[in-house]
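To start, the structure itself, in structure tokens.
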Amino acid sequence: MTRQARTYAVVLLTSLTMGASAVAPQVAPRSGEPLVVHPEATEAIGGIKSPYCPGQMLATCSSPGAAAIRDSIQKMAEGGLAADSIIEAVLAQYGQQWRATPPSDGTGLWAWLVPPVVLALGLSMVGVVLARRERSPEAATATAAPSTEDDRRLRDAMRALDEEEAAAF
């Protein structure tokens, strides 16, 4: 079974199990009962950005549409779907741009590999530059103590400056 066929099967299964509940408001538990979120639902909700609150994750979006998506994810998890299948079903309905993390295969693999490689190359370049600076002759002379001639000229210049700044009155 191809990946696309599996995705369509999950969407079909999801739509059959969800029915009209996808548009129903988020249901609060009966009084006194704590709200228990299925672990697969928690994982799936953490892997999706909200289509209703741009820039926010589905877990933190307060819009009614996001609450409906969270409810449908909870029902899918209670129905036995794994978090990956739930994420794929929601993304098949709303679009891949709402995926919170890039896929770990295909072109998405580059999004996981390129940043650490660039960081390592940058740090190694900084190390090479610092090592070369320490070995350069200019660095050695810059840290050497001033000669007696330089010291004498510096004292003369400071004395002349003090005389110019001295109060004339």
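Chains: A, B, ... in order of the structure tokens. Residues: from 1 per chain. Ligands: from 1, in order shown.
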
Tell me which protein, DNA and RNA residues are within 12 Å of Ala59 of chain A, counting only C-alpha atoms, leaving out same-chain ones fewer than 6 positions away, and put them as a PyMOL selection string. chain A and resi 37+41-53+65-71+73+100

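Atom pair atom CA of Leu58 of chain A / atom CA of Ile87 of chain A has a distance of 11.5 Å (rounded to one decimal).
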
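Our summary of the geometry notes that atom CA of His38 of chain A is positioned 8.9 Å from atom CA of Lys75 of chain A.
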
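Distance annotation: of A:Gly95, A:Glu40, A:Glu134, A:Ser63, the residue with the minimal separation from Gly79 of chain A is A:Glu40; atom set is only C-alpha atoms.
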